[in-house]
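For reference, the structure discussed in these notes is given below.
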Amino acid sequence: MREKAKNKGRLGGIASVLCFGIIGLGCGISMVPFMTYALEEEGNMFIFLLGVLILFSLMYLSIFIEMAIHEAGHLVFGLATGYKFLSYRIGSFTFIKEEGKIKVKRYVLPGTGGQCLMSPPPYSSSMPYVLYNAGGAIFNFLSFLLFLLFFFLFYTVPFLSSFLLMSAFVSFGLGAMNIIPLIYGNDGSNILNIGRSKKEKESFWSQMKLVEYQSRGIRVKDMPEEIFPVKAKDEIEGIMSASAFVFYENKLVDEGDYEGALEKAEEALSSPLLPHILRVTVKCDVIYLLLILERDKKEVDEIKDKTLIKQLKAMRGLITVMRGEYCYALLYEKNEDKAAEIRKAFDSTSEKYPYYSEIESERYLMDKALSLYLEDSATRKI
């Protein structure tokens with residue numbers, strides 16, 4: 001299975017490069033007419049440089065617009081097939097439904113430009129999932145045709161024509177990147193995996209349902225058992241069930257079953273199907289659990305290697321990473337000042353974080369680490 005995952009990963013990497021190549025090539029082609037005009041007709045280097053700056057700004061604008069269109073596709077097709085709106089995120093801005101009202105929160109998930117989360121219809125073997133997952137790419141391809149049409153209508157208008165053409169390339173590239181099933185963890189591979197396996201379908205439904213409970217302020221330890229269909233490593237069949245297994249490990253952590261959680265976390269890390277972001281957060285859990293259980297520091301050093309340290313820096317905005325780093329600063333480094341800075345950043349993030357139940361769980365775990373540190377400090381002073 002590990003070799004199969006590696007081969008698929010290589011093919012997915014090639015597919016991703018090709019999609020990025022389409023976007024880059026298209027944006028480059030879109031800029032050529034203006035550059036030629038600015039250099040040959042005007043001959044003014046200042047105008048040329050200003051124009052290039054404007055064009056690059058338009059390129060980022062087109063990417064932002066296409067991400068918004070992609071998530072809108074998930075939303076529209078989700079609503080059409082029985083799902084209910086929970087949240088819509090572009091960049092770090094999240095529009096979330098709380099107590100019947102739409103509120104604006106802030107949340108960043110590394111590796112994603114946006115996300116539309118919805119409450120699924122009741123689980124059944126015929127539960128709809130194809131259109132919800134494919135909706136983003138469908139909207140991207142529709143916008144590709146629309147931008148291309150407007151480009152031919154306004155191809156003589158400077159800047160506007162460049163923007164429309166690059167938007168067409170961006171929409172096609174992002175659509176392909178999200179629907180080609182070779183790319184691990186994208187919408188296309190999710191559709192195939194859910195269709196192949198009952199466990200993957202159950203896990204997809206459970207993850208959507210878990211977010212619904214989180215949006216209602218319910219902690220993972222208080223969620224019903226049906227939300228956790230994967231409780232053993234040998235039940236993992238794909239990315240959905242691997243993620244569901246991690247959520248079960250999260251439940252054990254939240255319940256205070258630290259020995260059981262550590263066992264499940266180590267099992268999860270041994271699976272080649274575990275998504276990258278979850279692999280990093282599970283390692284954070286392992287470090288936390290080893291320190292809370294007062295295991296040998298050598299075990300912590302084995303987990304927190306140079307690679308993980310770099311990954312944690314890139315994901316320092318995640319509250320789970322903050323909790324892990326806070327515990328490490330207190331119980332491993334015995335550095336109160338560093339811990340206080342992390343706690344301050346955590347509290348600041350909490351003010352706009354969309355899921356209060358997650359904040360409550362992470363704060364409880366941080367307080368647990370603080371209590372253990374204070375007890376240890378008091379013992380050392382005696």
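Residue numbering restarts at 1 for every chain of the structure tokens, chains are lettered A, B, ... in their displayed order, and ligands are numbered from 1 as they appear.
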Enumerate, as a count of residues only, the complete set of residues in range 155-343 of chain A that a backbone-based DSSP assignment places in helix (DSSP H, G or I). 141
Within 8 Å of Cys327 in chain A, counting only C-alpha atoms, which residues qualify if same-chain residues fewer than 5 places away don't, as a PyMOL selection string? chain A and resi 288+291+332+339+366+369-370
Output of the above residues as a PDB file, in the first residue's frame, restricted to C-alpha atoms:
ATOM      1  CA  TYR A 288       1.802  16.879  24.087  1.00  0.00           C
ATOM      2  CA  LEU A 291       5.043  15.419  28.026  1.00  0.00           C
ATOM      3  CA  TYR A 332      10.213  20.590  28.035  1.00  0.00           C
ATOM      4  CA  ALA A 339       4.834  30.006  26.910  1.00  0.00           C
ATOM      5  CA  MET A 366      -3.142  24.086  27.840  1.00  0.00           C
ATOM      6  CA  ALA A 369      -0.045  21.484  30.969  1.00  0.00           C
ATOM      7  CA  LEU A 370       0.175  24.636  33.097  1.00  0.00           C
TER       8      LEU A 370
END
Select, from A:Ile29, A:Ile138, A:Leu86, A:Ala268, the residue with the minimum atom-to-atom distance to Met166 in chain A, counting only C-alpha atoms.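 Of the candidates, the smallest distance to Met166 in chain A is held by A:Ile29.
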To one decimal place in Å, what is the distance between CA of Arg106 in chain A and CA of Glu358 in chain A?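 Computed distance, CA of Arg106 in chain A to CA of Glu358 in chain A, equals 13.9 Å.
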Quick one, how far is CA of Gly113 in chain A from CA of Phe228 in chain A? 27.4 Å
Within 9 Å of Tyr129 in chain A using only C-alpha atoms, minus same-chain residues under 2 positions, as a PyMOL selection string: chain A and resi 78+81+126-127+131-134+191+194-195+201+204
Resulting file, chosen residues, C-alpha atoms, as an mmCIF file, in the first residue's frame:
data_model
loop_
_atom_site.group_PDB
_atom_site.id
_atom_site.type_symbol
_atom_site.label_atom_id
_atom_site.label_comp_id
_atom_site.auth_asym_id
_atom_site.auth_seq_id
_atom_site.Cartn_x
_atom_site.Cartn_y
_atom_site.Cartn_z
ATOM 1 C CA GLY A 78 -24.492 21.226 -1.913
ATOM 2 C CA THR A 81 -28.531 18.033 -3.163
ATOM 3 C CA SER A 126 -27.434 6.494 -1.632
ATOM 4 C CA MET A 127 -26.298 9.685 0.105
ATOM 5 C CA LEU A 131 -22.171 16.992 -7.125
ATOM 6 C CA TYR A 132 -21.176 18.538 -3.794
ATOM 7 C CA ASN A 133 -17.535 17.531 -4.301
ATOM 8 C CA ALA A 134 -17.486 18.288 -8.039
ATOM 9 C CA ILE A 191 -15.245 11.324 -5.292
ATOM 10 C CA ILE A 194 -16.042 7.622 -1.537
ATOM 11 C CA GLY A 195 -17.559 5.684 -4.423
ATOM 12 C CA LYS A 201 -18.489 7.199 2.501
ATOM 13 C CA PHE A 204 -16.949 11.566 4.606
#
Surrounding residues of range 342-354 of chain A excluding itself and chain neighbours under 6 positions, 10 Å, only C-alpha atoms, as number ranges by chain: A: 87, 93-98, 103-108, 214-215, 217, 316-327, 329, 336, 360, 362-363, 366
Closest of A:Leu330, A:Phe139, A:Glu341, A:Ser171 to Asp367 in chain A - atom-to-atom distances counting only C-alpha atoms: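 Of the candidates, the smallest distance to Asp367 in chain A is held by A:Leu330.
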Excluding same-chain residues fewer than 2 positions from Pro110 in chain A, what lies within 8 Å of it counting only C-alpha atoms, as number ranges by chain? A: 108, 112, 277, 314-315
Using the selection just defined, write its residues with N, CA, C and O atoms as an mmCIF file, in the first residue's frame.
data_model
loop_
_atom_site.group_PDB
_atom_site.id
_atom_site.type_symbol
_atom_site.label_atom_id
_atom_site.label_comp_id
_atom_site.auth_asym_id
_atom_site.auth_seq_id
_atom_site.Cartn_x
_atom_site.Cartn_y
_atom_site.Cartn_z
ATOM 1 N N VAL A 108 -7.361 30.212 9.362
ATOM 2 C CA VAL A 108 -6.432 29.885 8.282
ATOM 3 C C VAL A 108 -6.139 28.391 8.326
ATOM 4 O O VAL A 108 -5.805 27.846 9.377
ATOM 5 N N THR A 112 -4.817 25.538 1.793
ATOM 6 C CA THR A 112 -6.133 25.775 1.196
ATOM 7 C C THR A 112 -6.370 27.271 1.055
ATOM 8 O O THR A 112 -6.022 28.049 1.936
ATOM 9 N N ILE A 277 -1.338 17.753 6.585
ATOM 10 C CA ILE A 277 -1.684 18.659 7.686
ATOM 11 C C ILE A 277 -2.027 17.870 8.945
ATOM 12 O O ILE A 277 -1.593 18.200 10.053
ATOM 13 N N ALA A 314 5.575 26.904 9.790
ATOM 14 C CA ALA A 314 4.666 27.228 8.686
ATOM 15 C C ALA A 314 3.207 27.154 9.111
ATOM 16 O O ALA A 314 2.340 27.778 8.495
ATOM 17 N N MET A 315 2.918 26.395 10.178
ATOM 18 C CA MET A 315 1.537 26.198 10.622
ATOM 19 C C MET A 315 1.288 26.784 12.014
ATOM 20 O O MET A 315 0.368 26.372 12.712
#
CA of Ile287 in chain A to CA of Glu259 in chain A, straight-line distance in Å: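 For CA of Glu259 in chain A relative to CA of Ile287 in chain A, the distance reads 12.6 Å.
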Given the choices A:Gln311, A:Asn193, A:Ser143, A:Ser162, which gets closest to Met67 in chain A if the distance is worked out from only C-alpha atoms? A:Ser143
Using only C-alpha atoms, find the one residue out of A:Arg295, A:Arg89, A:Lys251, A:Lys313 that sits nearest to Ala265 in chain A.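 The shortest atom-to-atom distance to Ala265 in chain A comes from A:Lys251.
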